[in-house]
Every structure is written in structure tokens, then in C-alpha cells.
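Structure, as C-alpha cells:
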Amino acid sequence: MEVVRSRNIFIDSEQYHTVNGERVIVNFPANSFHALDGEHMKLTLTAFEMRKNFYNINSYNNKLYMYDNAGGTYSEIVIPAGDYYRFGSNASVANSLCEAIYTGLDNAGFTPSGTSQVTYDINTRKISINMTGASNYTAGDYFVTFQVPRERQSPIAAVSSTGIFNDSYEILGTRPTRYTTNVIPAFDFDAGTATFTSYYPASLYSMEALYLKASIQTNNYCTPTFGADTISAKLIPTQIFARIPIPYADMFEKTQDQPSIIKFEDTNDLFTIYLQQNQIDTVNFTLVDGKGRLIEEVSDNQADDGALAFKFVMRWDVIKENKMGIPIRDLTDRIDQLFRRTGLN
């Protein structure tokens, strides 16, 4: 394949976006971006950058529930949104995740008897919550972390729309409830000490990467994203253009004065779309998380105001297949051999 035409496209979503600022519409001049007969177009992401103006802990991953076993009701517990750069050994450590969990319990009316009752074990990387003497807690009650896909959701009193499909289980290291008909206690429970402990290592974030989607037919496939019956990894077509890792290295166990910059640069054509059409008119680019959700805003209108803007560079190429014919000498030799076999020479 030979590249016969190429252009770089520089896009900044700060001003040129839709009503929701996390979608950017790009209108291509038809006379500048088209392919002739025998030609094909492709788009390649070569660079991406964005200030990390969103929180690691947000409404997508900060909700868990206390289930009242006697009354059969749920109470929502919300971990305050923000970036937490350390777990803290217990809730007395300022600006730690343990302190934030304690605050969420306190705000919901389930105040532990002291800050030492919410702890993090640095070796097992698990969180423990001792509810001995905690307000409004009765033996038999337990925590639940819901992650029920939309296709399987049914209304549950006191469970919010963001709480019923939530990634808090990744933050807390708990077991998620994926079916409303089969509610699972989130934590491992020690009845002797009334202590709830993570099953798995806890985390300070639940989103490892950003995904750039394009509203054009691509040649890419992906595994289903939390559909109704996604128990098999049957690949399906996707509009995902690129996956941009978030650089969490060096972000934790310290105070960060400036937002991190999410960057991607590529010279190896890692993310390329071979277009099925001969002309580009309009393409919508959308930035989502690994579960297809728009990036959570810190406050209303953040995206509309351009405060979740991203910039990227694409390379547009027109390629043409080189058709290799048979050299004249080879052709004459073949004809001569044919004539010899048929006795015509």
C-alpha cells in the first residue's frame, strides 16, 4: 500500500463542542478529504493531551449501601468526591481515603465509635470497618455495593440511579452485586468483632484509561461492555478509536499542587481506522471511561465551559494499493514455454 496524500488535523475541544462539552463535532471540507476510485482513507491518532480535571473518587465509584436486615431497607453512604493520594492507616490520617470513608459513614448516620475503627492494612491492602458501637447499626445489617447493568436493573427504594451501577467495589475491594435478585454482602464479616473487611485489595481509583470514540464505521472490535448477558467474550464492532492510559505513577502518597497531564504520543500507527467510505463529512468524537460513561464532571457545566477539554492530532492518509503485474520478460518466457509444450514452437 502506498500513501498518496496525507494531512495532519489538529483538534481542540475547548470551544468546538456540543451542548455536552465532552463531545466534539468536526466538520470536514468534502473537497479536501476524499478518496478517488481505487483509493482508501485512514485516520491515525498521533497525539493526545488533557489536563486531569476530574476526580478519582466521584459519583461513579463513591456509593455503597447499608442494608437494614430487619426492615429490609437500604441507606445510601457517599464517600466525598475528590482525589485521595493515600489510604492512611486509619481515619485519623488527614486527607486519606480512610478519613473519607469515615466521613461518608458519619454523614449517613452510621458513625463508628472512633476514627480508629476505619483502617487500612498496608500489607494486605484491605480496608476494615469496625461497627462495634456505631450509631444506627444493628447486628445482622450489612454493606452492599451494587453494580447492576442497565438491562438488568429494577427499581430499589433508596438506591440512586448512579448507585445501582457503581464502581465502589473496586475502591473498597468488595464483592459487587450484579443482579438485584441476588444481593451479595459486600465485605467479609467477622461477627465476633463486628468488623467488615475487604475481600480484595482496595484502590484509590477505578478508571485506568480514557477511551476516544468516533462516530464512523471502524474496523475495530471489543468485548461487550456490561450488557445484559455478557458472560462470554464474543467480540462486537465498536466505535472506539483509541485507549489513552492515565498516568497514575508518582501521584500518590504526596500532595499534588498541579493537575496531572494525560498524554499520548505515537509514531507506530497504534490506533488507526480504515474508513469504509470515500468521503468524510462530519465526525463526532467522544471521551468516555471503560464502561462507556462520559467523564464525570467536578461540578455542573464543567464540560460546557471547556474545563474538561482535550486536544489531539490525527493524521489523515489516502492509500492506494500497488498492483504488481507480471514483468514482460517473465510473460514472454511463459508464452515460449507454453508453445514448446504444445509443439507450436
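Just remember, in the C-alpha cells the first chain shown is A, the second B, etc., residues are 1-based per chain, and ligands are 1-based in the order shown.
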Strand (DSSP E or B) per DSSP on the backbone: members of stretch 189-251 of chain A, as a ChimeraX atom specification:
/A:189-190,195-197,209-214,221-222,236-237,240-245
Prev. selection, C-alpha atoms, output as a PDB file, in the first residue's frame:
```
ATOM      1  CA  PHE A 189     -17.725 -10.143  58.110  1.00  0.00           C
ATOM      2  CA  ASP A 190     -16.385 -11.190  61.500  1.00  0.00           C
ATOM      3  CA  THR A 195     -15.759  -5.956  61.637  1.00  0.00           C
ATOM      4  CA  PHE A 196     -16.293  -5.717  57.886  1.00  0.00           C
ATOM      5  CA  THR A 197     -13.133  -6.354  55.840  1.00  0.00           C
ATOM      6  CA  ALA A 209      -7.722   4.829  30.925  1.00  0.00           C
ATOM      7  CA  LEU A 210      -9.786   7.144  28.755  1.00  0.00           C
ATOM      8  CA  TYR A 211     -11.388   5.938  25.542  1.00  0.00           C
ATOM      9  CA  LEU A 212     -11.771   8.150  22.472  1.00  0.00           C
ATOM     10  CA  LYS A 213     -14.743   7.137  20.338  1.00  0.00           C
ATOM     11  CA  ALA A 214     -15.519   8.242  16.783  1.00  0.00           C
ATOM     12  CA  TYR A 221     -13.832  -4.787  17.741  1.00  0.00           C
ATOM     13  CA  CYS A 222     -14.213  -5.039  21.509  1.00  0.00           C
ATOM     14  CA  ILE A 236     -18.619  -6.952  18.696  1.00  0.00           C
ATOM     15  CA  PRO A 237     -17.943  -3.955  16.414  1.00  0.00           C
ATOM     16  CA  ILE A 240     -13.565   3.044  19.987  1.00  0.00           C
ATOM     17  CA  PHE A 241     -10.754   4.855  18.216  1.00  0.00           C
ATOM     18  CA  ALA A 242      -8.063   4.836  20.910  1.00  0.00           C
ATOM     19  CA  ARG A 243      -7.289   3.969  24.524  1.00  0.00           C
ATOM     20  CA  ILE A 244      -5.372   6.636  26.466  1.00  0.00           C
ATOM     21  CA  PRO A 245      -3.774   5.386  29.736  1.00  0.00           C
TER      22      PRO A 245
END
```
Write out as a short mmCIF file (atom, residue, chain, number, x, y, z; two decimals) with N, CA and C atoms, in the first residue's frame which residues come within 8 Å of stretch 172-186 of chain A when counting only C-alpha atoms, dropping same-chain ones fewer than 3 positions away.
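And here is the file that came out, part-v8.cif:
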```
data_model
loop_
_atom_site.label_atom_id
_atom_site.label_comp_id
_atom_site.auth_asym_id
_atom_site.auth_seq_id
_atom_site.Cartn_x
_atom_site.Cartn_y
_atom_site.Cartn_z
N LYS A 126 -6.11 -4.14 52.36
CA LYS A 126 -7.55 -4.24 52.57
C LYS A 126 -8.02 -3.21 53.59
N ILE A 127 -9.29 -2.82 53.44
CA ILE A 127 -9.92 -1.87 54.35
C ILE A 127 -10.81 -2.62 55.33
N TYR A 142 -25.77 -5.22 56.96
CA TYR A 142 -24.51 -5.38 56.21
C TYR A 142 -24.45 -4.39 55.05
N PHE A 143 -23.23 -4.21 54.54
CA PHE A 143 -22.99 -3.29 53.42
C PHE A 143 -23.22 -4.01 52.09
N VAL A 144 -23.66 -3.21 51.10
CA VAL A 144 -23.85 -3.72 49.74
C VAL A 144 -23.24 -2.73 48.76
N THR A 145 -22.52 -3.24 47.77
CA THR A 145 -22.01 -2.40 46.68
C THR A 145 -22.63 -2.91 45.38
N PHE A 146 -23.50 -2.11 44.78
CA PHE A 146 -24.23 -2.50 43.58
C PHE A 146 -23.43 -2.18 42.32
N GLN A 147 -23.46 -3.11 41.39
CA GLN A 147 -23.05 -2.82 40.02
C GLN A 147 -23.93 -3.65 39.08
N VAL A 148 -25.16 -3.19 38.94
CA VAL A 148 -26.16 -3.89 38.14
C VAL A 148 -26.27 -3.19 36.79
N PRO A 149 -25.93 -3.86 35.67
CA PRO A 149 -26.06 -3.24 34.35
C PRO A 149 -27.49 -2.78 34.08
N ARG A 152 -30.36 -5.11 33.42
CA ARG A 152 -30.83 -5.99 34.50
C ARG A 152 -31.38 -5.21 35.68
N GLN A 153 -31.47 -3.90 35.56
CA GLN A 153 -31.89 -3.09 36.70
C GLN A 153 -33.40 -3.11 36.89
N SER A 154 -33.79 -3.09 38.14
CA SER A 154 -35.18 -2.85 38.53
C SER A 154 -35.14 -1.92 39.73
N SER A 168 -17.82 1.35 43.24
CA SER A 168 -17.28 1.43 44.59
C SER A 168 -16.63 0.13 45.03
N TYR A 169 -17.06 -0.98 44.46
CA TYR A 169 -16.46 -2.27 44.83
C TYR A 169 -14.97 -2.31 44.46
N SER A 198 -12.44 -5.92 53.56
CA SER A 198 -12.41 -6.12 52.11
C SER A 198 -12.08 -7.56 51.77
N TYR A 199 -12.67 -8.04 50.70
CA TYR A 199 -12.28 -9.34 50.18
C TYR A 199 -10.99 -9.23 49.36
N TYR A 200 -10.85 -8.08 48.68
CA TYR A 200 -9.76 -7.91 47.73
C TYR A 200 -9.01 -6.60 48.03
N PRO A 201 -7.83 -6.39 47.44
CA PRO A 201 -7.11 -5.14 47.66
C PRO A 201 -7.95 -3.93 47.25
N ALA A 202 -7.88 -2.89 48.06
CA ALA A 202 -8.60 -1.64 47.78
C ALA A 202 -7.81 -0.82 46.76
N SER A 203 -8.41 0.24 46.29
CA SER A 203 -7.77 1.07 45.27
C SER A 203 -8.14 2.54 45.49
#
```
Need the shell around stretch 269-285 of chain A: protein/DNA/RNA residues with any atom at most 10 Å away, counting only C-alpha atoms. Skip same-chain ones fewer than 4 positions apart. Format as a PyMOL selection string?
chain A and resi 13+17-18+22-46+212-220+239-243+265+314-319
So that I can check the surroundings of A:Val313, please list as a list in words every protein, DNA and RNA residue that reaches within 9 Å of it, counting only C-alpha atoms and ignoring chain neighbours fewer than 4 positions away.
Asn8, Ile9, Phe10, Ile11, Asp12, Thr44, Leu45, Thr46, Ala47 and Phe48 of chain A
